[in-house]
Amino acid sequence: MIIRRFTRNPERIEGNRIILRKAQLSDSEVIYQRVWSDTILASAMFWPASTSWEEVPERMQKTIREHKKKPEFFIIEKATDEVIGMTGIQRESFTTYSETGIAIAKTYQGQGYGKETLQLLLDLAFGHYHAKRFAYYCMTHNTISQNLAKSFGFVHERTYMEVRPHDKKEVELYRYILERTDYIKYVKEA
């Protein structure tokens with residue numbers, strides 16, 4: 001595998017079985033049904049579940065605006081061309097980027113889509129944005145997410161408490177770090 005090159009804020013990143021692309025208005029119903037309305041999925045994230053369809057138009061408009069400004073994406077399954085999740089990255093410092101979450105719809109979990117998503121995010125951060133480090137966060141009860149980080153060679157850096165803005169709930173988080181040099185070794189071995 002090679003480290004890919006992208007535009008400043010790419011519209012689309014293609015993997016083997018998924019595509020990361022910007023949100024479109026036509027995605028509203030599927031993202032609501034599969035991701036935004038899933039209270040269990042939302043409980044492991046830093047965003048609230050949508051409890052009614054009436055919330056979706058405004059949320060989708062906000063998502064589209066955010067996707068235009070930032071490297072954030074919907075995860076699309078190539079075989080069906082439908083939304084199965086959402087993800088993105090952000091710059092934390094001059095040399096460090098982090099994921100903004102990897103949310104995969106329940107029926108698509110455990111099939112390697114999270115791993116492929118993280119691979120594309122790492123390619124974007126290290127290959128395009130020239131990050132020296134990449135941070136990965138997950139709640140301490142989320143063993144699936146912890147195992148995903150470890151499968152790429154991430155190292156646990158610290159454990160801390162943070163308050164989720166939407167419900168004011170204090171959650172315990174792990175922060176994992178992957179250095180660029182370790183990622184390059186991982187890529188060569190893959």
# chains A, B, ... in the order shown; residues from 1 in each chain; ligands from 1

$ residues_around --residues "Pro48 in chain A" --least-positions-apart "2" --cutoff "8 Å" --atoms "only C-alpha atoms" --output "ChimeraX atom specification"
/A:36,39,42-43,45-46,50,166-167

$ select_by_dssp --residues "range 26-174 of chain A" --states "alpha helix (DSSP H)" --output "PyMOL selection string"
chain A and resi 28-31+39-43+56-69+113-122+143-151

$ closest_residue --among "A:Thr159, A:Arg17, A:Phe152, A:Thr87" --to "Lys185 in chain A" --atoms "only C-alpha atoms"
A:Phe152

$ closest_atom_pairs --of "range 4-98 of chain A" --to "range 131-140 of chain A" --cutoff "7 Å" --atoms "only C-alpha atoms" --output "tab-separated table"
residue	atom	partner	partner_atom	distance
A:Ala44	CA	A:Met139	CA	6.6
A:Thr95	CA	A:Ala131	CA	5.0
A:Thr96	CA	A:Arg133	CA	4.7
A:Tyr97	CA	A:Phe134	CA	4.9
A:Ser98	CA	A:Ala135	CA	4.4

$ closest_residue --among "A:Glu82, A:Asp27, A:Glu116, A:Glu92" --to "Ile13 in chain A" --atoms "only C-alpha atoms"
A:Glu116

$ select_by_dssp --residues "chain A" --states "strand (DSSP E or B)" --output "ChimeraX atom specification"
/A:12-14,18-21,72-77,82-91,96-104,133-139,155-163,170-179

$ closest_residue --among "A:Ser145, A:Gln61, A:Thr51, A:Thr80" --to "Ile104 in chain A" --atoms "only C-alpha atoms"
A:Ser145

$ closest_residue --among "A:Glu58, A:Phe126, A:Ser28, A:Gln111" --to "Thr181 in chain A" --atoms "only C-alpha atoms"
A:Phe126

$ closest_residue --among "A:Tyr160, A:Val155, A:Leu148, A:Thr63" --to "Gly112 in chain A" --atoms "only C-alpha atoms"
A:Leu148

$ atom_distance --atom1 "CA of Thr117 in chain A" --atom2 "CA of Arg158 in chain A"
23.5 Å

$ residues_around --residues "Ala149 in chain A" --least-positions-apart "4" --cutoff "12 Å" --atoms "only C-alpha atoms" --output "list in words"
Glu99, Ile102, Gly114, Lys115, Thr117, Leu118, Gln119, Leu122, Phe134, Ala135, Tyr136, Tyr137, Cys138, Asn142, Thr143, Ile144, Ser145, Gly153, Phe154, Val155, His156, Glu157, Tyr174, Arg175, Tyr176, Ile177, Leu178 and Tyr183 of chain A
